[in-house]
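Trainee: Structure: coords02.txt, compact mmCIF, C-alpha atoms.
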```
# COMPACT_ATOMS: atom_id res chain seq x y z
CA GLN A 1 209.59 42.57 -302.54
CA ASN A 2 211.36 40.97 -305.50
CA THR A 3 210.89 38.06 -307.87
CA VAL A 4 214.45 36.82 -307.25
CA ARG A 5 215.66 36.22 -303.71
CA THR A 6 218.74 34.57 -302.23
CA ARG A 7 219.51 33.39 -298.71
CA THR A 8 222.81 32.35 -297.18
CA PHE A 9 223.13 29.94 -294.27
CA PHE A 10 226.20 28.30 -292.75
CA ALA A 11 225.95 25.11 -290.72
CA LEU A 12 228.28 22.78 -288.88
CA GLN A 13 226.46 19.61 -289.81
CA GLN A 14 228.81 16.88 -288.53
CA ALA A 15 231.54 17.16 -285.91
CA PHE A 16 232.17 14.41 -283.39
CA GLY A 17 234.81 12.63 -281.40
CA GLU A 18 234.95 8.86 -280.91
CA ILE A 19 236.73 6.88 -278.21
CA HIS A 20 237.41 3.17 -278.45
CA LEU A 21 236.66 1.84 -274.96
CA LEU A 22 237.71 -1.81 -275.09
CA ASP A 23 237.99 -4.99 -277.15
CA LEU A 24 235.85 -7.93 -276.13
CA SER A 25 237.38 -10.71 -278.22
CA GLU A 26 240.14 -11.57 -280.65
CA ASN A 27 237.60 -11.13 -283.45
CA TYR A 28 237.40 -7.42 -282.70
CA ASP A 29 234.14 -7.34 -280.78
CA PHE A 30 234.33 -3.91 -279.17
CA ALA A 31 232.63 -1.07 -277.28
CA ALA A 32 232.99 2.61 -278.18
CA VAL A 33 231.45 6.02 -277.48
CA ARG A 34 230.85 8.88 -279.92
CA VAL A 35 229.96 12.44 -278.85
CA GLY A 36 229.01 15.41 -281.04
CA LEU A 37 226.99 16.23 -284.14
CA GLN A 38 226.45 12.81 -285.72
CA SER A 39 224.10 10.93 -288.01
CA PHE A 40 221.83 8.21 -286.65
CA ASN A 41 219.17 6.00 -288.22
CA SER A 42 217.03 4.19 -285.64
CA ASP A 43 216.04 1.29 -287.92
CA PHE A 44 216.75 -0.27 -291.32
CA ARG A 45 214.56 2.11 -293.35
CA GLY A 46 214.41 5.33 -291.30
CA PHE A 47 210.74 5.03 -290.32
CA VAL A 48 210.84 6.90 -286.98
CA PHE A 49 214.17 8.74 -286.54
CA ASN A 50 216.79 9.41 -289.22
CA ASP A 51 218.73 12.61 -288.62
CA ILE A 52 222.04 14.33 -287.95
CA ASN A 53 222.04 16.02 -284.55
CA LEU A 54 223.92 16.71 -281.31
CA GLY A 55 224.19 13.65 -279.14
CA ALA A 56 226.17 11.00 -277.31
CA ARG A 57 226.13 7.36 -278.36
CA VAL A 58 227.53 4.18 -276.85
CA PHE A 59 227.71 1.34 -279.36
CA GLY A 60 229.43 -1.95 -279.98
CA ASN A 61 229.05 -5.64 -280.71
CA TRP A 62 229.85 -9.08 -279.35
CA GLY A 63 229.50 -12.75 -280.23
CA ASN A 64 231.68 -12.48 -283.36
CA ASN A 65 229.59 -9.51 -284.50
CA ARG A 66 226.35 -11.46 -284.31
CA TYR A 67 224.93 -8.97 -281.80
CA GLN A 68 225.10 -5.18 -282.07
CA TYR A 69 223.66 -2.43 -279.89
CA ASN A 70 223.27 1.35 -279.64
CA ILE A 71 222.37 3.53 -276.66
CA ALA A 72 222.04 7.16 -277.75
CA GLY A 73 220.74 10.47 -276.46
CA PHE A 74 220.26 13.63 -278.55
CA ASP A 75 219.81 17.23 -277.43
CA MET A 76 218.10 18.38 -280.62
CA ARG A 77 219.22 21.52 -282.41
CA GLU A 78 216.82 23.94 -284.08
CA LYS A 79 216.81 23.54 -287.88
CA ASP A 80 217.15 26.27 -290.51
CA THR A 81 213.75 26.75 -292.16
CA ASN A 82 214.98 26.68 -295.76
CA SER A 83 217.93 24.28 -295.80
CA GLU A 84 216.80 22.12 -292.83
CA LEU A 85 220.43 22.06 -291.68
CA ASN A 86 221.32 22.39 -288.00
CA SER A 87 221.63 25.73 -286.28
CA PHE A 88 223.39 26.20 -282.95
CA ASP A 89 220.16 26.97 -281.08
CA ASP A 90 218.63 24.51 -278.61
CA ARG A 91 215.37 22.96 -279.88
CA GLY A 92 213.96 22.21 -276.43
CA GLN A 93 213.65 18.55 -277.33
CA GLU A 94 215.45 15.42 -276.14
CA VAL A 95 215.43 12.11 -277.99
CA MET A 96 216.67 8.87 -276.40
CA ILE A 97 217.16 5.64 -278.35
CA ALA A 98 218.22 2.11 -277.47
CA ASN A 99 218.28 -0.71 -280.01
CA PHE A 100 219.62 -4.23 -280.32
CA PHE A 101 220.39 -6.25 -283.48
CA TRP A 102 220.59 -10.04 -283.70
CA GLN A 103 222.03 -11.44 -286.92
CA ASP A 104 220.89 -14.87 -288.19
CA PHE A 105 217.90 -14.72 -285.86
CA LEU A 106 215.84 -17.88 -286.51
CA TRP A 107 217.04 -17.96 -290.16
CA LYS A 108 220.53 -17.47 -291.56
CA GLY A 109 220.66 -14.18 -293.42
CA TYR A 110 217.85 -12.55 -291.43
CA THR A 111 218.64 -9.80 -288.87
CA ALA A 112 216.11 -8.85 -286.20
CA GLN A 113 216.04 -5.55 -284.33
CA TRP A 114 214.26 -4.44 -281.17
CA SER A 115 214.21 -0.78 -280.19
CA PHE A 116 212.96 1.76 -277.69
CA LEU A 117 212.71 5.48 -278.50
CA ALA A 118 211.61 8.40 -276.35
CA ASN A 119 210.65 11.83 -277.71
CA LEU A 120 210.50 14.52 -275.01
CA ASP A 121 209.39 17.69 -276.79
CA HIS A 122 208.97 20.72 -274.56
CA GLY A 123 207.49 22.78 -277.39
CA GLY A 124 207.27 26.41 -276.34
CA THR A 125 206.55 29.09 -278.94
CA HIS A 126 208.65 29.24 -282.10
CA TYR A 127 208.32 31.11 -285.39
CA ASP A 128 210.20 29.98 -288.48
CA GLN A 129 212.45 32.30 -290.50
CA HIS A 130 209.51 33.45 -292.62
CA GLY A 131 207.57 34.60 -289.55
CA ASN A 132 205.17 31.65 -289.52
CA LEU A 133 204.14 30.07 -286.24
CA VAL A 134 205.29 26.43 -286.16
CA ARG A 135 205.20 25.68 -282.40
CA PRO A 136 202.57 25.22 -281.19
CA GLY A 137 200.99 24.04 -284.43
CA PRO A 138 198.43 26.61 -285.68
CA ILE A 139 195.50 24.22 -285.91
CA GLY A 140 192.44 24.08 -283.68
CA THR A 141 193.08 25.70 -280.30
CA VAL A 142 196.62 27.12 -280.31
CA ARG A 143 198.34 26.67 -276.95
CA GLU A 144 201.87 25.73 -275.84
CA HIS A 145 202.12 22.08 -274.93
CA ASP A 146 204.61 19.30 -274.20
CA VAL A 147 204.61 15.98 -276.03
CA HIS A 148 206.10 12.89 -274.37
CA ALA A 149 205.98 9.90 -276.73
CA TYR A 150 207.57 6.47 -276.30
CA TYR A 151 208.06 3.94 -279.09
CA LEU A 152 208.51 0.18 -278.88
CA GLY A 153 209.62 -1.37 -282.15
CA TRP A 154 210.42 -4.68 -283.79
CA ALA A 155 212.00 -4.66 -287.24
CA GLY A 156 213.83 -7.10 -289.48
CA ASP A 157 215.86 -7.16 -292.66
CA GLY A 158 217.49 -9.90 -294.70
CA HIS A 159 216.41 -13.01 -296.54
CA ILE A 160 214.59 -16.20 -295.65
CA GLY A 161 215.74 -18.66 -298.26
CA ARG A 162 215.31 -17.04 -301.68
CA VAL A 163 212.83 -14.43 -300.42
CA ASN A 164 214.08 -11.02 -299.24
CA VAL A 165 212.13 -9.51 -296.34
CA THR A 166 212.09 -6.09 -294.66
CA HIS A 167 209.50 -5.36 -291.99
CA ALA A 168 208.80 -3.05 -289.05
CA PHE A 169 206.16 -2.66 -286.37
CA TYR A 170 205.96 0.19 -283.84
CA GLU A 171 203.65 0.86 -280.93
CA VAL A 172 203.76 4.43 -279.60
CA PHE A 173 202.26 5.53 -276.30
CA GLY A 174 202.60 8.59 -274.08
CA HIS A 175 200.87 11.91 -273.42
CA ASP A 176 200.32 15.26 -275.14
CA ASP A 177 199.30 17.75 -272.47
CA PHE A 178 197.22 19.76 -274.96
CA ASN A 179 196.45 18.78 -278.54
CA GLY A 180 195.10 21.69 -280.55
CA LEU A 181 192.82 19.68 -282.82
CA ALA A 182 191.35 17.68 -279.92
CA GLY A 183 191.15 20.83 -277.78
CA GLN A 184 192.26 18.95 -274.66
CA PRO A 185 195.05 16.76 -273.24
CA VAL A 186 195.28 13.37 -274.97
CA ASP A 187 196.83 10.00 -274.22
CA ILE A 188 198.76 8.53 -277.17
CA ASN A 189 198.11 5.02 -278.45
CA ALA A 190 199.03 4.45 -282.10
CA GLN A 191 200.70 1.87 -284.38
CA MET A 192 202.74 1.61 -287.56
CA ALA A 193 203.51 -1.46 -289.68
CA ALA A 194 205.52 -1.96 -292.85
CA LEU A 195 206.40 -4.99 -294.95
CA GLU A 196 208.41 -5.38 -298.15
CA VAL A 197 208.85 -8.78 -299.77
CA SER A 198 211.05 -9.21 -302.83
CA TYR A 199 212.42 -11.94 -305.03
CA ASP A 200 215.57 -11.87 -307.17
CA ARG A 201 215.55 -13.36 -310.62
CA ASP A 202 218.72 -12.80 -312.64
CA TRP A 203 219.32 -9.03 -312.66
CA VAL A 204 215.80 -7.98 -311.57
CA ARG A 205 214.39 -7.74 -308.05
CA TYR A 206 210.56 -7.84 -307.96
CA LYS A 207 209.01 -6.17 -304.92
CA GLY A 208 205.68 -5.93 -303.15
CA SER A 209 205.22 -3.56 -300.20
CA PHE A 210 202.65 -2.48 -297.64
CA TYR A 211 202.76 0.46 -295.22
CA TYR A 212 200.24 1.30 -292.50
CA ALA A 213 200.04 4.17 -290.02
CA SER A 214 197.00 4.18 -287.75
CA GLY A 215 194.53 7.07 -287.88
CA ASP A 216 192.28 8.77 -285.33
CA HIS A 217 188.57 7.99 -285.73
CA ASN A 218 187.46 10.45 -283.04
CA PRO A 219 189.74 13.52 -283.12
CA GLU A 220 187.94 15.32 -280.28
CA ASP A 221 188.18 12.65 -277.57
CA GLY A 222 190.95 12.11 -275.02
CA THR A 223 192.87 9.42 -276.93
CA ALA A 224 195.15 10.16 -279.90
CA THR A 225 195.40 7.09 -282.14
CA GLY A 226 197.08 8.60 -285.24
CA PHE A 227 200.69 7.50 -285.69
CA ASP A 228 203.41 10.13 -286.02
CA THR A 229 207.20 9.94 -286.09
CA ILE A 230 210.01 11.85 -284.38
CA LEU A 231 212.01 12.93 -287.45
CA ASP A 232 211.71 10.33 -290.20
CA ASN A 233 213.32 10.02 -293.63
CA PRO A 234 212.15 6.65 -294.95
CA ASN A 235 213.53 4.72 -297.90
CA PHE A 236 210.40 2.73 -298.73
CA SER A 237 207.70 2.52 -301.41
CA GLY A 238 209.82 4.29 -304.01
CA GLY A 239 211.91 6.33 -301.58
CA PRO A 240 213.19 9.67 -302.90
CA PHE A 241 211.72 9.12 -306.38
CA SER A 242 208.12 8.77 -305.15
CA TYR A 243 206.00 11.93 -305.47
CA TRP A 244 204.01 11.06 -302.33
CA ALA A 245 207.13 10.37 -300.25
CA ARG A 246 209.23 13.28 -301.49
CA GLN A 247 206.70 16.12 -301.59
CA GLY A 248 205.03 17.95 -298.73
CA PHE A 249 201.38 19.02 -299.06
CA ASN A 250 199.74 21.95 -297.31
CA LEU A 251 196.37 21.02 -295.82
CA GLY A 252 193.84 22.85 -297.96
CA GLY A 253 194.87 26.44 -297.18
CA THR A 254 195.53 25.95 -293.46
CA SER A 255 198.83 26.70 -291.72
CA VAL A 256 199.76 23.05 -291.30
CA ASN A 257 200.69 20.32 -293.76
CA LEU A 258 198.69 17.25 -294.70
CA LYS A 259 202.07 15.49 -294.81
CA GLN A 260 205.72 16.50 -294.65
CA ARG A 261 208.25 16.11 -297.42
CA ASN A 262 210.48 13.02 -297.26
CA SER A 263 207.85 11.25 -295.20
CA LEU A 264 205.04 8.73 -295.65
CA VAL A 265 202.83 9.80 -292.74
CA PRO A 266 199.95 12.32 -293.13
CA ASN A 267 200.29 13.91 -289.70
CA LEU A 268 198.73 17.42 -289.92
CA ARG A 269 201.97 18.84 -288.51
CA SER A 270 203.27 22.37 -289.11
CA SER A 271 206.82 21.22 -289.94
CA LYS A 272 208.76 17.98 -289.70
CA THR A 273 211.92 19.71 -288.44
CA GLU A 274 210.52 22.67 -286.46
CA GLY A 275 207.00 21.53 -285.50
CA GLN A 276 205.84 19.03 -282.89
CA ALA A 277 204.56 15.52 -283.42
CA ASN A 278 200.78 15.37 -283.80
CA PHE A 279 199.04 12.11 -283.02
CA VAL A 280 195.55 13.29 -284.00
CA ASN A 281 195.86 12.59 -287.72
CA PRO A 282 194.26 10.51 -290.50
CA GLY A 283 196.85 7.73 -290.87
CA VAL A 284 197.41 5.93 -294.18
CA PHE A 285 197.50 2.64 -296.09
CA ILE A 286 200.05 2.38 -298.94
CA PHE A 287 200.05 -0.66 -301.22
CA GLY A 288 202.99 -0.92 -303.61
CA LEU A 289 204.54 -2.95 -306.41
CA GLY A 290 207.95 -2.31 -307.89
CA ALA A 291 211.20 -3.57 -309.31
CA GLU A 292 214.92 -2.83 -309.06
CA ILE A 293 216.80 -3.53 -312.29
CA GLU A 294 220.58 -3.91 -312.60
CA VAL A 295 220.79 -2.49 -316.11
CA THR A 296 224.60 -2.61 -316.06
CA PRO A 297 227.13 -3.00 -313.21
CA LYS A 298 227.20 0.83 -313.04
CA LEU A 299 223.53 1.64 -313.65
CA ARG A 300 220.53 0.64 -311.54
CA SER A 301 216.88 1.46 -312.25
CA PHE A 302 213.94 1.70 -309.83
CA ILE A 303 210.26 1.42 -310.81
CA ASN A 304 207.37 1.72 -308.31
CA ALA A 305 203.59 2.04 -308.31
CA ASN A 306 201.67 2.78 -305.08
CA TYR A 307 198.02 3.15 -304.17
CA ILE A 308 197.44 5.56 -301.25
CA TYR A 309 194.37 5.38 -299.03
CA LEU A 310 193.85 7.37 -295.81
CA ALA A 311 192.99 5.25 -292.80
CA ASP A 312 190.49 7.76 -291.37
CA THR A 313 189.54 11.23 -292.62
CA ASP A 314 187.77 12.51 -289.47
CA PRO A 315 190.78 14.65 -288.37
CA ILE A 316 190.84 16.33 -291.80
CA GLN A 317 187.09 16.97 -291.68
CA THR A 318 187.47 18.49 -288.22
CA ALA A 319 190.38 20.70 -289.31
CA LEU A 320 188.69 21.90 -292.53
CA LEU A 321 185.14 22.04 -291.09
CA ALA A 322 184.10 19.74 -293.93
CA ASN A 323 181.30 17.19 -293.81
CA GLN A 324 182.87 14.69 -296.20
CA VAL A 325 186.42 13.84 -297.31
CA ALA A 326 186.99 10.58 -299.14
CA ASN A 327 189.87 8.27 -298.22
CA ASP A 328 191.24 7.81 -301.74
CA MET A 329 194.44 9.85 -302.19
CA GLY A 330 195.27 8.36 -305.59
CA TRP A 331 198.01 6.51 -307.45
CA ASP A 332 201.70 7.29 -307.11
CA PHE A 333 204.10 6.26 -309.91
CA SER A 334 207.86 6.75 -310.02
CA ILE A 335 210.96 5.80 -311.95
CA GLY A 336 214.55 6.46 -310.93
CA PHE A 337 218.10 5.78 -312.02
CA GLN A 338 221.32 5.54 -310.02
CA TYR A 339 224.64 5.71 -311.83
CA ARG A 340 228.02 4.94 -310.22
CA PRO A 341 230.67 5.73 -312.87
CA LEU A 342 233.57 4.39 -310.75
CA LEU A 343 231.77 1.25 -309.57
CA THR A 344 232.15 2.62 -306.03
CA ASP A 345 230.10 4.98 -303.85
CA ASN A 346 232.56 7.85 -304.28
CA ILE A 347 230.44 9.34 -307.08
CA ILE A 348 226.69 8.62 -307.28
CA ILE A 349 224.43 10.35 -309.81
CA SER A 350 220.70 9.92 -309.19
CA ALA A 351 217.82 11.06 -311.40
CA GLY A 352 214.13 10.35 -311.12
CA PHE A 353 210.58 11.28 -311.99
CA GLY A 354 207.47 10.87 -309.84
CA ALA A 355 203.79 11.51 -310.52
CA LEU A 356 200.57 11.46 -308.50
CA LEU A 357 197.17 10.82 -310.08
CA PRO A 358 194.90 12.40 -307.43
CA GLY A 359 191.98 10.42 -306.08
CA SER A 360 188.61 11.66 -304.86
CA GLY A 361 189.91 12.35 -301.34
CA PHE A 362 192.76 14.50 -302.61
CA MET A 363 190.26 16.49 -304.71
CA ASP A 364 187.91 16.88 -301.72
CA ILE A 365 190.74 18.51 -299.76
CA TYR A 366 192.11 20.82 -302.43
CA GLN A 367 189.28 21.91 -304.71
CA SER A 368 186.93 24.67 -303.71
CA ASN A 369 183.24 24.84 -304.54
CA THR A 370 182.65 24.83 -308.30
CA ASP A 371 178.85 25.06 -308.31
CA LEU A 372 177.31 28.23 -309.74
CA VAL A 373 175.75 30.51 -307.13
CA ALA A 374 173.09 33.00 -308.21
CA GLY A 375 174.22 36.60 -307.93
CA PHE A 376 177.93 35.79 -307.53
CA ASP A 377 180.86 35.61 -309.93
CA ARG A 378 181.40 32.32 -311.73
CA THR A 379 183.10 29.72 -309.56
CA ASP A 380 183.21 26.91 -312.11
CA LEU A 381 186.53 28.18 -313.51
CA ARG A 382 188.50 28.09 -310.28
CA GLY A 383 189.31 25.64 -307.53
CA GLN A 384 190.08 22.77 -309.86
CA VAL A 385 192.71 20.17 -308.97
CA ASP A 386 195.22 19.12 -311.62
CA ASP A 387 194.74 15.50 -312.58
CA PHE A 388 198.47 14.91 -313.04
CA LEU A 389 200.98 16.14 -310.43
CA TYR A 390 204.65 15.47 -311.01
CA SER A 391 208.18 16.20 -309.86
CA ALA A 392 211.68 15.40 -311.10
CA LEU A 393 215.06 15.36 -309.44
CA ILE A 394 218.76 15.12 -310.17
CA ALA A 395 221.22 14.61 -307.30
CA ILE A 396 224.98 14.14 -307.26
CA THR A 397 226.67 12.68 -304.17
CA LEU A 398 230.45 12.96 -303.80
CA THR A 399 232.15 11.03 -300.99
CA TYR A 400 235.84 11.01 -300.14
```
What is this structure when it is put down as structure tokens?
Mentor:
Amino acid sequence: QNTVRTRTFFALQQAFGEIHLLDLSENYDFAAVRVGLQSFNSDFRGFVFNDINLGARVFGNWGNNRYQYNIAGFDMREKDTNSELNSFDDRGQEVMIANFFWQDFLWKGYTAQWSFLANLDHGGTHYDQHGNLVRPGPIGTVREHDVHAYYLGWAGDGHIGRVNVTHAFYEVFGHDDFNGLAGQPVDINAQMAALEVSYDRDWVRYKGSFYYASGDHNPEDGTATGFDTILDNPNFSGGPFSYWARQGFNLGGTSVNLKQRNSLVPNLRSSKTEGQANFVNPGVFIFGLGAEIEVTPKLRSFINANYIYLADTDPIQTALLANQVANDMGWDFSIGFQYRPLLTDNIIISAGFGALLPGSGFMDIYQSNTDLVAGFDRTDLRGQVDDFLYSALIAITLTY
């Protein structure tokens, strides 16, 4: 009813207890358990699960800290629609994670990780705080459904000689007992791969990156081959400064999103925090070049350029009833700065700017018909897509 509106929301975001179970060596190899609202990142870059939620976790190390492990289970809480902070309501979703780290695997300075994740989402019907249906996703045939997805992953981070390497590969399988876009139950079989290679020269790190999430070529069959995450928050291809990574895009006037904010995956999902994973989606290729520059000991700069190309547009054509959508999403450019005035992480000031130069596929999704139609009002003045989309941010992090 008004042009100015405020909302207030209180959340208990972190609250946990930790018990030290035992020491395994004189070098403080140990085992411990932590229970409560806690943060957890399932891999080095947050590709599949990176969240704060209610869970229990057993963790520890051995072999002079060469090996580390986590076994965790989360009873997910419903998120507030606006702040995305935790509420006290049960989400009807369980997430189980087990991972294992091996330092100096094959090469000194390189750490390998193997992981297993299970997402058991019982769905139900849920409306967000604005009255919008988010479960089940309002796309295709709308029906309550359960999603059981299981991830097997191999990731690595470190350096091999002078070359820095970060990589990840995930295979996800399972079953969605009714996918709305497919209009039937589907078996899940999808993949994700990421690679970043960098080289340090003096105070500059030069980077090249590649990200791939598989798409679904036949959205109406019984196999879902589009990769989706559980609750991701990746730091990759420009991270929080990238327009593509940071922004969420609605899918051409539908009630679902082409992609979620703080994500790389175009998954046609209603909401990253309140919606369900959708494995009938277009997938994506992202090719990137960038640099990290130590301007001073207190100031670091980040520069990235990415080209974004959808793996398969058939799910978008099915959702929009369109006969042609190109794969080219466009070019993503970003620059960011991180300033630590105390030379510690107690105060971090971040600022950045990101821009997207839309490609032909982006325009196919978002522009309406601009051809003149006899007997109707002019349409050539509406439905145009801006050729320069941008966002800026300033964030201050205080840690004590």
Trainee: Please indicate the distance in Å from atom CA of Ala193 of chain A to atom CA of His167 of chain A, rounded to one decimal place.
Mentor: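 Between atom CA of Ala193 of chain A and atom CA of His167 of chain A the gap works out to 7.5 Å.
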Trainee: Residues at most 12 Å from segment 106-113 of chain A, counting all atoms listed in the file, excluding those fewer than 5 positions away in the same chain, as an mmCIF file with C-alpha atoms, keeping the file's coordinate frame?
Mentor:
```
data_model
loop_
_atom_site.group_PDB
_atom_site.id
_atom_site.type_symbol
_atom_site.label_atom_id
_atom_site.label_comp_id
_atom_site.auth_asym_id
_atom_site.auth_seq_id
_atom_site.Cartn_x
_atom_site.Cartn_y
_atom_site.Cartn_z
ATOM 1 C CA SER A 42 217.030 4.190 -285.640
ATOM 2 C CA ASP A 43 216.040 1.290 -287.920
ATOM 3 C CA PHE A 44 216.750 -0.270 -291.320
ATOM 4 C CA ARG A 45 214.560 2.110 -293.350
ATOM 5 C CA ASN A 65 229.590 -9.510 -284.500
ATOM 6 C CA ARG A 66 226.350 -11.460 -284.310
ATOM 7 C CA TYR A 67 224.930 -8.970 -281.800
ATOM 8 C CA GLN A 68 225.100 -5.180 -282.070
ATOM 9 C CA TYR A 69 223.660 -2.430 -279.890
ATOM 10 C CA ASN A 70 223.270 1.350 -279.640
ATOM 11 C CA ALA A 98 218.220 2.110 -277.470
ATOM 12 C CA ASN A 99 218.280 -0.710 -280.010
ATOM 13 C CA PHE A 100 219.620 -4.230 -280.320
ATOM 14 C CA PHE A 101 220.390 -6.250 -283.480
ATOM 15 C CA LEU A 152 208.510 0.180 -278.880
ATOM 16 C CA GLY A 153 209.620 -1.370 -282.150
ATOM 17 C CA TRP A 154 210.420 -4.680 -283.790
ATOM 18 C CA ALA A 155 212.000 -4.660 -287.240
ATOM 19 C CA GLY A 156 213.830 -7.100 -289.480
ATOM 20 C CA ASP A 157 215.860 -7.160 -292.660
ATOM 21 C CA GLY A 158 217.490 -9.900 -294.700
ATOM 22 C CA HIS A 159 216.410 -13.010 -296.540
ATOM 23 C CA ILE A 160 214.590 -16.200 -295.650
ATOM 24 C CA GLY A 161 215.740 -18.660 -298.260
ATOM 25 C CA ARG A 162 215.310 -17.040 -301.680
ATOM 26 C CA VAL A 163 212.830 -14.430 -300.420
ATOM 27 C CA ASN A 164 214.080 -11.020 -299.240
ATOM 28 C CA VAL A 165 212.130 -9.510 -296.340
ATOM 29 C CA THR A 166 212.090 -6.090 -294.660
ATOM 30 C CA HIS A 167 209.500 -5.360 -291.990
ATOM 31 C CA ALA A 168 208.800 -3.050 -289.050
ATOM 32 C CA PHE A 169 206.160 -2.660 -286.370
ATOM 33 C CA TYR A 170 205.960 0.190 -283.840
#
```
Trainee: With a distance cut-off of 8 Å and all atoms listed in the file, select the neighbouring residues of segment 138-146 of chain A, excluding the residue or stretch itself and same-chain residues fewer than 2 positions from it, and output the selection as a ChimeraX atom specification.
Mentor: /A:120-125,133-136,148,176-183,254-256,270,319
Trainee: Find the residues around segment 214-225 of chain A up to 10 Å (only C-alpha atoms counted), leave out those fewer than 3 positions away in its own chain, and share them as a PyMOL selection string.
Mentor: chain A and resi 172-176+178-193+228+265-267+278-285+310-319
Trainee: Residues within 7 Å of segment 329-346 of chain A, please, as an mmCIF file with C-alpha atoms, keeping the file's coordinate frame. Count only C-alpha atoms; anything in the same chain fewer than 2 positions from it doesn't count.
Mentor:
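As a result, around-v9.cif now contains:
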```
data_model
loop_
_atom_site.group_PDB
_atom_site.id
_atom_site.type_symbol
_atom_site.label_atom_id
_atom_site.label_comp_id
_atom_site.auth_asym_id
_atom_site.auth_seq_id
_atom_site.Cartn_x
_atom_site.Cartn_y
_atom_site.Cartn_z
ATOM 1 C CA GLY A 238 209.820 4.290 -304.010
ATOM 2 C CA PHE A 241 211.720 9.120 -306.380
ATOM 3 C CA SER A 242 208.120 8.770 -305.150
ATOM 4 C CA TYR A 243 206.000 11.930 -305.470
ATOM 5 C CA TRP A 244 204.010 11.060 -302.330
ATOM 6 C CA LYS A 298 227.200 0.830 -313.040
ATOM 7 C CA LEU A 299 223.530 1.640 -313.650
ATOM 8 C CA ARG A 300 220.530 0.640 -311.540
ATOM 9 C CA SER A 301 216.880 1.460 -312.250
ATOM 10 C CA PHE A 302 213.940 1.700 -309.830
ATOM 11 C CA ILE A 303 210.260 1.420 -310.810
ATOM 12 C CA ASN A 304 207.370 1.720 -308.310
ATOM 13 C CA ALA A 305 203.590 2.040 -308.310
ATOM 14 C CA ASN A 306 201.670 2.780 -305.080
ATOM 15 C CA TYR A 307 198.020 3.150 -304.170
ATOM 16 C CA ILE A 308 197.440 5.560 -301.250
ATOM 17 C CA TYR A 309 194.370 5.380 -299.030
ATOM 18 C CA LEU A 310 193.850 7.370 -295.810
ATOM 19 C CA ASN A 327 189.870 8.270 -298.220
ATOM 20 C CA ILE A 348 226.690 8.620 -307.280
ATOM 21 C CA ILE A 349 224.430 10.350 -309.810
ATOM 22 C CA SER A 350 220.700 9.920 -309.190
ATOM 23 C CA ALA A 351 217.820 11.060 -311.400
ATOM 24 C CA GLY A 352 214.130 10.350 -311.120
ATOM 25 C CA PHE A 353 210.580 11.280 -311.990
ATOM 26 C CA GLY A 354 207.470 10.870 -309.840
ATOM 27 C CA ALA A 355 203.790 11.510 -310.520
ATOM 28 C CA LEU A 356 200.570 11.460 -308.500
ATOM 29 C CA LEU A 357 197.170 10.820 -310.080
ATOM 30 C CA PRO A 358 194.900 12.400 -307.430
ATOM 31 C CA GLY A 359 191.980 10.420 -306.080
ATOM 32 C CA SER A 360 188.610 11.660 -304.860
ATOM 33 C CA GLY A 361 189.910 12.350 -301.340
ATOM 34 C CA PHE A 362 192.760 14.500 -302.610
ATOM 35 C CA LEU A 398 230.450 12.960 -303.800
ATOM 36 C CA THR A 399 232.150 11.030 -300.990
ATOM 37 C CA TYR A 400 235.840 11.010 -300.140
#
```
Trainee: Quick one: distance from atom CA of Asn132 of chain A to atom CA of Gln93 of chain A in Å, one decimal?
Mentor: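 Spanning atom CA of Asn132 of chain A to atom CA of Gln93 of chain A is a straight-line distance of 19.8 Å.
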Trainee: So what do you get for atom CA of Gln13 of chain A versus atom CA of Asp75 of chain A, distance-wise?
Mentor: 14.3 Å
Trainee: Would you kindly identify which residues have an atom no farther than 9 Å from (231.8, 16.8, -276.7), using only C-alpha atoms and the file's own coordinates, and write them out as a VMD selection string?
Mentor: chain A and resid 16 to 17 34 to 37 55 to 56
Trainee: Closest to Asp364 of chain A among A:Asp29, A:Glu171, A:Glu294, A:Asp328, using all atoms listed in the file?
Mentor: A:Asp328
Trainee: Using all atoms listed in the file, pick whichever of A:Ser198, A:Thr229, A:Gln367, A:Gln38 has the shortest atom-to-atom distance to Glu18 of chain A.
Mentor: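 Among the listed residues, A:Gln38 lies closest to Glu18 of chain A.
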Trainee: Name the residues in contact with Phe210 of chain A at a cut-off of 8 Å, using all atoms listed in the file, excluding same-chain residues fewer than 2 positions from it; report them as a PyMOL selection string.
Mentor: chain A and resi 194-196+208+212+285-288
Trainee: Write out N, CA and C atoms for segment 286-291 of chain A, as a short mmCIF file (atom, residue, chain, number, x, y, z; two decimals), in the frame of the given file.
Mentor:
```cif
data_model
loop_
_atom_site.label_atom_id
_atom_site.label_comp_id
_atom_site.auth_asym_id
_atom_site.auth_seq_id
_atom_site.Cartn_x
_atom_site.Cartn_y
_atom_site.Cartn_z
N ILE A 286 199.36 2.27 -297.65
CA ILE A 286 200.05 2.38 -298.94
C ILE A 286 200.35 0.97 -299.44
N PHE A 287 199.81 0.64 -300.60
CA PHE A 287 200.05 -0.66 -301.22
C PHE A 287 200.94 -0.44 -302.44
N GLY A 288 202.04 -1.19 -302.55
CA GLY A 288 202.99 -0.92 -303.61
C GLY A 288 203.50 -2.15 -304.33
N LEU A 289 203.83 -1.97 -305.60
CA LEU A 289 204.54 -2.95 -306.41
C LEU A 289 205.70 -2.24 -307.09
N GLY A 290 206.80 -2.96 -307.27
CA GLY A 290 207.95 -2.31 -307.89
C GLY A 290 209.00 -3.30 -308.33
N ALA A 291 210.08 -2.75 -308.86
CA ALA A 291 211.20 -3.57 -309.31
C ALA A 291 212.47 -2.74 -309.26
#
```
